[in-house]
Structure formats: structure tokens, C-alpha cells
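K.L.:
What follows is data19.tsv; its format and atoms are TSV, C-alpha atoms.
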chain	number	residue	atom	x	y	z
A	24	MET	CA	9.39	-27.23	31.81
A	25	SER	CA	11.65	-24.34	30.81
A	26	GLU	CA	10.41	-20.85	29.95
A	27	ARG	CA	11.16	-21.52	26.28
A	28	GLN	CA	9.13	-24.73	26.33
A	29	LYS	CA	6.23	-22.97	28.06
A	30	ALA	CA	6.32	-20.20	25.45
A	31	CYS	CA	6.33	-22.71	22.60
A	32	ALA	CA	3.43	-24.57	24.22
A	33	ALA	CA	1.55	-21.26	24.55
A	34	ALA	CA	2.14	-20.42	20.87
A	35	CYS	CA	1.04	-23.89	19.83
A	36	GLY	CA	-2.05	-23.77	22.07
A	37	SER	CA	-3.14	-20.38	20.75
A	38	ASN	CA	-3.03	-21.61	17.17
A	39	ILE	CA	-4.96	-24.76	18.01
A	40	ILE	CA	-7.61	-22.40	19.38
A	41	PHE	CA	-7.44	-20.26	16.22
A	42	GLY	CA	-7.97	-23.41	14.15
A	43	PHE	CA	-11.44	-23.90	15.63
A	44	SER	CA	-12.25	-20.20	15.20
A	45	PHE	CA	-12.88	-20.71	11.47
A	46	LEU	CA	-15.70	-23.10	12.31
A	47	ALA	CA	-17.10	-20.72	14.95
A	48	SER	CA	-16.89	-17.76	12.56
A	49	SER	CA	-18.75	-19.63	9.82
A	50	ILE	CA	-21.54	-20.42	12.27
A	51	ALA	CA	-21.71	-16.85	13.61
A	52	MET	CA	-21.71	-15.24	10.17
A	53	GLU	CA	-24.91	-17.06	9.29
A	54	ALA	CA	-26.58	-14.47	11.50
A	55	ALA	CA	-24.25	-11.46	11.45
A	56	ASP	CA	-22.24	-9.54	8.87
A	57	PRO	CA	-18.45	-9.66	9.37
A	58	LEU	CA	-18.10	-6.13	10.80
A	59	LEU	CA	-20.97	-6.62	13.25
A	60	LEU	CA	-19.50	-9.95	14.32
A	61	LEU	CA	-16.11	-8.34	14.92
A	62	ALA	CA	-17.75	-5.53	16.90
A	63	ILE	CA	-19.62	-7.96	19.15
A	64	ARG	CA	-16.60	-10.25	19.47
A	65	PHE	CA	-14.12	-7.62	20.63
A	66	LEU	CA	-16.65	-5.70	22.74
A	67	LEU	CA	-17.39	-8.88	24.68
A	68	SER	CA	-13.66	-9.56	24.98
A	69	ALA	CA	-12.97	-6.04	26.31
A	70	VAL	CA	-15.91	-6.22	28.76
A	71	PHE	CA	-14.76	-9.59	30.08
A	72	MET	CA	-11.20	-8.37	30.64
A	73	THR	CA	-12.51	-5.20	32.30
A	74	LEU	CA	-14.55	-7.33	34.72
A	75	LEU	CA	-11.44	-9.35	35.58
A	76	ILE	CA	-9.71	-6.08	36.49
A	77	LEU	CA	-12.68	-4.70	38.48
A	78	VAL	CA	-13.11	-7.82	40.61
A	79	GLY	CA	-9.37	-7.94	41.30
A	80	VAL	CA	-8.59	-11.18	39.48
A	81	VAL	CA	-5.99	-9.36	37.40
A	82	HIS	CA	-4.09	-6.17	38.19
A	83	ILE	CA	-2.65	-3.81	35.62
A	84	GLN	CA	0.00	-1.23	36.39
A	85	LEU	CA	0.47	1.55	33.88
A	86	LYS	CA	1.94	4.12	36.27
A	87	GLY	CA	5.43	5.05	35.19
A	88	LYS	CA	4.95	3.34	31.84
A	89	ARG	CA	4.25	4.78	28.40
A	90	PRO	CA	0.79	3.42	27.46
A	91	TRP	CA	0.76	5.41	24.22
A	92	ARG	CA	3.30	2.89	22.91
A	93	LEU	CA	0.51	0.29	22.86
A	94	ILE	CA	-1.57	2.24	20.33
A	95	PRO	CA	0.33	0.96	17.25
A	96	LEU	CA	0.00	-2.59	18.64
A	97	GLY	CA	-3.80	-2.26	18.83
A	98	LEU	CA	-3.97	-0.73	15.38
A	99	LEU	CA	-1.97	-3.55	13.84
A	100	GLN	CA	-3.91	-6.31	15.60
A	101	PRO	CA	-6.88	-6.58	15.60
A	102	VAL	CA	-7.95	-3.42	13.71
A	103	ILE	CA	-5.87	-3.44	10.53
A	104	TYR	CA	-5.34	-7.19	10.33
A	105	PHE	CA	-8.98	-8.28	10.63
A	106	ALA	CA	-10.23	-5.50	8.34
A	107	CYS	CA	-7.66	-6.39	5.67
A	108	GLU	CA	-8.31	-10.12	5.99
A	109	ASN	CA	-12.08	-9.70	5.49
A	110	TYR	CA	-11.81	-7.28	2.58
A	111	GLY	CA	-8.94	-9.26	1.08
A	112	ILE	CA	-11.19	-12.31	0.85
A	113	MET	CA	-13.93	-10.13	-0.64
A	114	TYR	CA	-11.68	-8.99	-3.51
A	115	THR	CA	-10.00	-12.39	-4.10
A	116	ASN	CA	-11.27	-15.71	-2.76
A	117	SER	CA	-10.82	-17.71	0.42
A	118	SER	CA	-8.31	-20.16	-1.10
A	119	PHE	CA	-6.01	-17.45	-2.39
A	120	ALA	CA	-6.42	-15.50	0.86
A	121	GLY	CA	-5.51	-18.59	2.89
A	122	THR	CA	-2.30	-18.98	0.93
A	123	MET	CA	-1.40	-15.32	1.35
A	124	ILE	CA	-2.07	-15.39	5.10
A	125	ALA	CA	0.24	-18.41	5.33
A	126	LEU	CA	3.09	-16.05	4.46
A	127	ILE	CA	2.87	-14.48	7.94
A	128	PRO	CA	5.47	-16.78	9.58
A	129	LEU	CA	7.92	-16.12	6.75
A	130	ALA	CA	7.32	-12.37	6.88
A	131	THR	CA	7.73	-12.42	10.67
A	132	LEU	CA	10.98	-14.34	10.32
A	133	PHE	CA	12.50	-11.63	8.13
A	134	MET	CA	11.07	-8.77	10.21
A	135	GLY	CA	12.54	-10.33	13.33
A	136	ILE	CA	15.94	-10.30	11.65
A	137	ILE	CA	15.54	-6.68	10.50
A	138	PHE	CA	13.94	-5.07	13.57
A	139	LEU	CA	14.95	-7.32	16.48
A	140	GLY	CA	18.35	-8.54	15.33
A	141	GLU	CA	17.27	-12.17	15.52
A	142	THR	CA	19.48	-14.69	13.78
A	143	CYS	CA	18.25	-17.31	11.34
A	144	GLY	CA	20.08	-19.80	9.17
A	145	PRO	CA	19.15	-21.23	5.78
A	146	SER	CA	17.72	-24.39	7.35
A	147	GLN	CA	15.22	-22.40	9.44
A	148	ILE	CA	14.11	-20.48	6.34
A	149	GLY	CA	13.77	-23.80	4.52
A	150	TRP	CA	11.54	-25.35	7.18
A	151	ALA	CA	9.41	-22.20	7.30
A	152	VAL	CA	8.97	-22.52	3.54
A	153	CYS	CA	8.04	-26.18	4.06
A	154	SER	CA	5.11	-25.18	6.30
A	155	PHE	CA	4.05	-22.51	3.80
A	156	VAL	CA	4.01	-25.06	0.96
A	157	GLY	CA	1.82	-27.31	3.12
A	158	VAL	CA	-0.71	-24.53	3.65
A	159	ALA	CA	-0.58	-23.61	-0.04
A	160	ILE	CA	-1.39	-27.20	-1.05
A	161	VAL	CA	-4.36	-27.31	1.32
A	162	SER	CA	-5.62	-23.84	0.35
A	163	LEU	CA	-5.25	-24.12	-3.42
A	164	PHE	CA	-6.61	-27.65	-3.82
A	165	GLY	CA	-10.05	-27.27	-5.31
A	166	SER	CA	-9.75	-23.48	-5.16
A	167	GLU	CA	-12.94	-21.76	-6.17
A	168	ALA	CA	-13.28	-19.67	-9.27
A	169	GLY	CA	-13.28	-15.94	-9.01
A	170	VAL	CA	-11.35	-12.86	-9.92
A	171	VAL	CA	-8.19	-12.24	-7.93
A	172	SER	CA	-7.85	-8.47	-8.20
A	173	VAL	CA	-4.75	-6.38	-7.65
A	174	LYS	CA	-6.69	-4.52	-4.95
A	175	GLY	CA	-7.35	-7.79	-3.12
A	176	ILE	CA	-3.71	-8.84	-3.33
A	177	LEU	CA	-2.52	-5.51	-1.93
A	178	ILE	CA	-5.04	-5.68	0.91
A	179	LEU	CA	-3.89	-9.20	1.82
A	180	VAL	CA	-0.26	-8.06	1.71
A	181	ALA	CA	-1.26	-5.39	4.23
A	182	ALA	CA	-2.82	-8.12	6.41
A	183	VAL	CA	0.38	-10.16	6.31
A	184	LEU	CA	2.57	-7.16	7.12
A	185	SER	CA	0.29	-5.95	9.95
A	186	ASN	CA	0.29	-9.31	11.71
A	187	SER	CA	4.04	-9.75	11.26
A	188	LEU	CA	4.73	-6.27	12.62
A	189	PHE	CA	2.36	-7.04	15.51
A	190	MET	CA	4.47	-10.06	16.50
A	191	VAL	CA	7.66	-8.01	16.35
A	192	LEU	CA	6.17	-5.08	18.27
A	193	SER	CA	4.59	-7.30	20.92
A	194	ARG	CA	8.00	-8.85	21.62
A	195	ARG	CA	9.61	-5.41	21.79
A	196	LEU	CA	6.97	-4.13	24.26
A	197	ALA	CA	7.09	-7.23	26.46
A	198	ASP	CA	9.76	-5.71	28.72
A	199	GLU	CA	7.47	-2.80	29.63
A	200	PHE	CA	3.96	-4.27	29.50
A	201	SER	CA	2.54	-7.60	30.63
A	202	ALA	CA	0.74	-9.93	28.23
A	203	PHE	CA	-2.58	-8.94	29.83
A	204	GLU	CA	-1.88	-5.21	29.44
A	205	ARG	CA	-0.97	-5.61	25.80
A	206	THR	CA	-4.01	-7.77	25.07
A	207	TYR	CA	-6.41	-5.49	26.99
A	208	VAL	CA	-5.44	-2.37	25.04
A	209	MET	CA	-5.68	-4.33	21.78
A	210	PHE	CA	-9.26	-5.31	22.52
A	211	LEU	CA	-10.30	-1.85	23.73
A	212	MET	CA	-9.11	-0.43	20.43
A	213	GLY	CA	-10.60	-3.29	18.44
A	214	SER	CA	-14.04	-2.97	20.01
A	215	ALA	CA	-14.12	0.81	19.48
A	216	ALA	CA	-12.97	0.56	15.85
A	217	PHE	CA	-15.33	-2.24	14.84
A	218	ILE	CA	-18.36	-0.78	16.64
A	219	LEU	CA	-17.81	2.44	14.70
A	220	ALA	CA	-17.31	0.49	11.45
A	221	ALA	CA	-20.46	-1.60	12.00
A	222	ALA	CA	-22.47	1.53	12.79
A	223	ALA	CA	-21.16	3.21	9.63
A	224	GLU	CA	-22.06	0.15	7.57
A	225	ASN	CA	-25.63	0.51	8.83
A	226	GLY	CA	-25.67	4.21	8.07
A	227	PHE	CA	-25.61	5.08	11.80
A	228	ASN	CA	-29.27	4.05	11.78
A	229	GLY	CA	-30.39	2.80	15.18
A	230	SER	CA	-33.31	0.75	13.87
A	231	ARG	CA	-31.14	-1.01	11.28
A	232	MET	CA	-28.58	-1.83	13.97
A	233	ALA	CA	-31.35	-3.18	16.20
A	234	GLU	CA	-32.62	-5.40	13.38
A	235	SER	CA	-29.10	-6.71	12.78
A	236	LEU	CA	-28.66	-7.47	16.46
A	237	LEU	CA	-32.07	-9.15	16.62
A	238	ARG	CA	-30.97	-11.60	13.91
A	239	CYS	CA	-28.13	-12.60	16.23
A	240	ALA	CA	-30.49	-13.75	18.99
A	241	LYS	CA	-29.87	-17.44	18.31
A	242	PRO	CA	-28.28	-20.10	20.54
A	243	ASP	CA	-25.80	-21.13	17.83
A	244	PHE	CA	-24.64	-17.54	17.36
A	245	ALA	CA	-24.31	-17.03	21.12
A	246	ALA	CA	-22.19	-20.16	21.53
A	247	ALA	CA	-20.00	-19.26	18.56
A	248	VAL	CA	-19.42	-15.65	19.64
A	249	VAL	CA	-18.59	-16.70	23.21
A	250	TYR	CA	-15.92	-19.01	21.81
A	251	LEU	CA	-14.61	-16.28	19.49
A	252	ALA	CA	-14.60	-13.58	22.18
A	253	LEU	CA	-13.42	-15.42	25.29
A	254	VAL	CA	-11.42	-18.35	23.95
A	255	SER	CA	-10.21	-17.35	20.48
A	256	SER	CA	-9.63	-13.73	21.49
A	257	VAL	CA	-8.89	-13.35	25.21
A	258	LEU	CA	-7.21	-16.69	25.90
A	259	ALA	CA	-5.53	-17.12	22.51
A	260	PHE	CA	-4.10	-13.59	22.33
A	261	LEU	CA	-2.92	-13.77	25.94
A	262	LEU	CA	-1.01	-16.91	24.96
A	263	ILE	CA	0.34	-15.23	21.81
A	264	ASN	CA	1.49	-12.13	23.69
A	265	TYR	CA	3.01	-14.28	26.43
A	266	SER	CA	4.97	-16.36	23.92
A	267	ALA	CA	6.05	-13.25	22.00
A	268	GLY	CA	7.69	-11.94	25.15
A	269	LYS	CA	9.60	-15.16	25.85
A	270	ILE	CA	10.82	-16.49	22.51
A	271	GLU	CA	11.89	-15.10	19.15
A	272	ALA	CA	9.14	-13.57	17.01
A	273	ARG	CA	9.85	-16.01	14.19
A	274	ARG	CA	9.58	-19.00	16.53
A	275	SER	CA	6.31	-17.79	18.07
A	276	SER	CA	4.84	-17.06	14.64
A	277	SER	CA	5.97	-20.39	13.18
A	278	PHE	CA	3.16	-22.20	15.00
A	279	ALA	CA	0.53	-20.25	13.02
A	280	SER	CA	0.39	-22.94	10.33
A	281	ILE	CA	-0.92	-25.42	12.91
A	282	SER	CA	-4.26	-23.60	12.83
A	283	THR	CA	-4.68	-24.82	9.23
A	284	VAL	CA	-4.29	-28.46	10.31
A	285	VAL	CA	-6.78	-27.96	13.16
A	286	SER	CA	-9.29	-26.22	10.89
A	287	ILE	CA	-9.08	-29.17	8.47
A	288	ALA	CA	-9.72	-31.62	11.31
A	289	ALA	CA	-12.63	-29.52	12.61
A	290	GLY	CA	-14.18	-29.38	9.14
A	291	VAL	CA	-13.87	-33.15	8.68
A	292	ILE	CA	-15.20	-34.01	12.15
A	293	PHE	CA	-17.98	-31.46	12.56
A	294	LEU	CA	-18.97	-30.56	8.99
A	295	GLY	CA	-18.22	-33.78	7.14
A	296	GLU	CA	-15.83	-32.04	4.77
A	297	PRO	CA	-13.69	-34.27	2.50
A	298	PHE	CA	-10.20	-35.32	3.51
A	299	GLY	CA	-7.96	-36.58	0.71
A	300	ILE	CA	-4.34	-36.88	-0.31
A	301	PRO	CA	-3.77	-33.09	-0.76
A	302	GLN	CA	-5.04	-32.38	2.77
A	303	LEU	CA	-2.94	-35.21	4.18
A	304	ALA	CA	0.20	-34.16	2.30
A	305	GLY	CA	-0.27	-30.50	3.23
A	306	SER	CA	-0.84	-31.33	6.90
A	307	ILE	CA	2.31	-33.48	7.02
A	308	LEU	CA	4.42	-30.72	5.44
A	309	ILE	CA	3.03	-28.18	7.92
A	310	LEU	CA	3.73	-30.32	10.99
A	311	VAL	CA	7.19	-31.38	9.82
A	312	GLY	CA	8.11	-27.76	9.05
A	313	VAL	CA	6.93	-26.51	12.45
A	314	TYR	CA	8.66	-29.37	14.27
A	315	ARG	CA	11.98	-28.94	12.52
A	316	LEU	CA	11.88	-25.17	12.91
A	317	ASN	CA	11.45	-25.50	16.67
A	318	VAL	CA	12.25	-28.84	18.32
A	319	GLY	CA	14.65	-29.90	15.58
A	320	GLU	CA	16.49	-26.56	15.77
A	321	ALA	CA	16.84	-26.83	19.55
A	322	ARG	CA	18.77	-30.05	19.09
Written as C-alpha cells, that's how I'd like the structure from this file.
P.N.:
Amino acid sequence: MSERQKACAAACGSNIIFGFSFLASSIAMEAADPLLLLAIRFLLSAVFMTLLILVGVVHIQLKGKRPWRLIPLGLLQPVIYFACENYGIMYTNSSFAGTMIALIPLATLFMGIIFLGETCGPSQIGWAVCSFVGVAIVSLFGSEAGVVSVKGILILVAAVLSNSLFMVLSRRLADEFSAFERTYVMFLMGSAAFILAAAAENGFNGSRMAESLLRCAKPDFAAAVVYLALVSSVLAFLLINYSAGKIEARRSSSFASISTVVSIAAGVIFLGEPFGIPQLAGSILILVGVYRLNVGEAR
């Protein structure tokens, strides 16, 4: 298997993992507010990666490098992206937010052209649009009522831009920092930011924080947060950062739509959610778009 094939497999694998994270998040948020969940998730991720370093499983080498260059990476993802995604849903609705987030591969495609000098023909743009249309069909079918405010739209635009810039920046930093180094700094910054945000949400009141944490003492929450922290964060972002360093940003990002197909399957299998013609048509468009943008293009 070539390096390009490995990178594509890593990008695909990470987004399969992300697909199940929606199910895990819905379970975890039955016990915890979004900011507290994010704080616990990224703290556990950072602690786990720190333990890997301390026991010698993984070695990081920052001597002679410029670690300050990783700060914008950590701000873009997870800090800005996850904050904007959560508040974007709050000021719009999940269906509209899902459609907006599906613009990330397209935004990354154009940013890769602008900032990395990547080349892209009309056919690649067309297949990227094909995947976006698939996600839009799935997201907007049966969309719930609710006000879609200008504030919510702008916040979701910020989420799209932050994740797209993250993909571009991760590829640019790959020559200086390993995938583990990039991911580790991301999670250190994420845990610090979300712990502070969760504490602020609780008025920096220790007793209120303790009550919130006590509500999380459930087996279902523990299982969900372990998946989110160790699998959907550590493993998935290691795969994303690895692929970003090996293949074009647009190609790595193009697999993001696969998470929608996986989340549909998880909902049908584990939650008994309906599966009809719109879900089938959307899933086919997504998979065809991703295939043609990658395997088809290679031919």
C-alpha cells in the first residue's frame, strides 16, 4: 500500500469514527452540558496522551522546532470549531447546522488552492459538490422548525472556516511536527479552554461544578466519554493529522462526508431511526462524490 493510499485510508477511518461520535455525544449529553462534556473529553484525551509520553510509548521532540506555531492550530481545532458548532446549532437548528458543516470539504478545497497552491479541476469541484448535495438532502429532510438567525449563520460560517483552515495549517506544519505533536498540543489547548469555559458557565462555583460532575457518574456516560476522548479524539485526530501531512488538504477533507453516512447507519441500527428514500439517495450521492474525487481522480 502506497503512502497516498495509507493517508486516504487514515482519512476515511477517522471519519468513520467521527460518524459514531454523534451517537456517543447524544448519550453523554443526557448527563452533561455541552461545555462540560467538551472539558471532560479533551482533558481525558490530553491526560491519556501525556501518559503515553511519560511511559515512553511515544516520544516528542520539540528541541530546535518552533512550538509556538502550533498555537493557531489548537485555537482553530478544537477550541474555535467546537465552540462555534455548538452555539451555531443553538441559534439555528441541527438540520441547518449539518448542511452548513457539510461545506467544510468545499471550503478546504478552495483554501488549499489559495494557501497551498494545490491544483483542482472542474470535475473535482463537481464531485465535491455532489457529496455536499448528498449531505444537504439527508440534513434537510424532515428539518425541524425553528428560527435560523443571522447570528447562527455567521457562527456556523466561522466553524466551517476554522476547520478548513485547520486542515490547511496541519498540512503546512507537517514538515516540522509529527502527527502526535500536532494532536497533543491541540488537546492541551482544548482541555484548558473548555475547562475554563465550563467553570465560567457554572459561575466558578465549586459546588455547582461538583453537582454537574456527580450527574455524570453513570456507566453510559463513562462509556460514551471514553469513546469520544480516546477513539473519536486521540485516534481520529491522529489519523486526520497523519493524512493531512501526506495528501492534499482537499483530498483529506473530502472524506468528511462519510461521517454522515456512518451516523445514519448508527442511528438506524442502535436507535431505530427511520431510513427512507432521502437517506438512501443522500448516502449514494455522498459515497459516489467521495469515490470519484479520490479513486476516480487517481485513474
K.L.:
Please list as a compact mmCIF listing (two decimals) with C-alpha atoms, keeping the file's coordinate frame every residue within 8 Å of Arg274 (chain A), counting only C-alpha atoms and excluding residues in the same chain fewer than 5 positions away.
P.N.:
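Listing of around_20.txt after writing:
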# COMPACT_ATOMS: atom_id res chain seq x y z
CA CYS A 31 6.33 -22.71 22.60
CA LEU A 132 10.98 -14.34 10.32
CA LEU A 316 11.88 -25.17 12.91
CA ASN A 317 11.45 -25.50 16.67
K.L.:
Rank nothing, just name the residue among A:Leu93, A:Ile307, A:Ile83, A:Ile127 nearest to Val284 (chain A), using all atoms listed in the file.
P.N.:
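Counting all atoms listed in the file, the residue closest to Val284 (chain A) is A:Ile307.
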K.L.:
Would you work out the distance separating CA of Glu204 (chain A) from CA of Ser44 (chain A), expressed in Å to one decimal?
P.N.:
23.1 Å
K.L.:
Please tell me which residues are no farther than 12 Å from (12.9, -6.5, 12.4) in the file, counting only C-alpha atoms, and write them as a ChimeraX atom specification.
P.N.:
/A:130-142,184,187-195,271-273
K.L.:
Emit the selected residues as a PDB file, in the frame of the given file, including C-alpha atoms.
P.N.:
ATOM      1  CA  ALA A 130       7.320 -12.370   6.880  1.00  0.00           C
ATOM      2  CA  THR A 131       7.730 -12.420  10.670  1.00  0.00           C
ATOM      3  CA  LEU A 132      10.980 -14.340  10.320  1.00  0.00           C
ATOM      4  CA  PHE A 133      12.500 -11.630   8.130  1.00  0.00           C
ATOM      5  CA  MET A 134      11.070  -8.770  10.210  1.00  0.00           C
ATOM      6  CA  GLY A 135      12.540 -10.330  13.330  1.00  0.00           C
ATOM      7  CA  ILE A 136      15.940 -10.300  11.650  1.00  0.00           C
ATOM      8  CA  ILE A 137      15.540  -6.680  10.500  1.00  0.00           C
ATOM      9  CA  PHE A 138      13.940  -5.070  13.570  1.00  0.00           C
ATOM     10  CA  LEU A 139      14.950  -7.320  16.480  1.00  0.00           C
ATOM     11  CA  GLY A 140      18.350  -8.540  15.330  1.00  0.00           C
ATOM     12  CA  GLU A 141      17.270 -12.170  15.520  1.00  0.00           C
ATOM     13  CA  THR A 142      19.480 -14.690  13.780  1.00  0.00           C
ATOM     14  CA  LEU A 184       2.570  -7.160   7.120  1.00  0.00           C
ATOM     15  CA  SER A 187       4.040  -9.750  11.260  1.00  0.00           C
ATOM     16  CA  LEU A 188       4.730  -6.270  12.620  1.00  0.00           C
ATOM     17  CA  PHE A 189       2.360  -7.040  15.510  1.00  0.00           C
ATOM     18  CA  MET A 190       4.470 -10.060  16.500  1.00  0.00           C
ATOM     19  CA  VAL A 191       7.660  -8.010  16.350  1.00  0.00           C
ATOM     20  CA  LEU A 192       6.170  -5.080  18.270  1.00  0.00           C
ATOM     21  CA  SER A 193       4.590  -7.300  20.920  1.00  0.00           C
ATOM     22  CA  ARG A 194       8.000  -8.850  21.620  1.00  0.00           C
ATOM     23  CA  ARG A 195       9.610  -5.410  21.790  1.00  0.00           C
ATOM     24  CA  GLU A 271      11.890 -15.100  19.150  1.00  0.00           C
ATOM     25  CA  ALA A 272       9.140 -13.570  17.010  1.00  0.00           C
ATOM     26  CA  ARG A 273       9.850 -16.010  14.190  1.00  0.00           C
TER      27      ARG A 273
END
K.L.:
List as a ChimeraX atom specification the residues having at least one atom at most 12 Å from position (-14.0, -4.9, 26.7) as given in the file, counting all atoms listed in the file.
P.N.:
/A:62-77,206-215,218,252-253,256-257
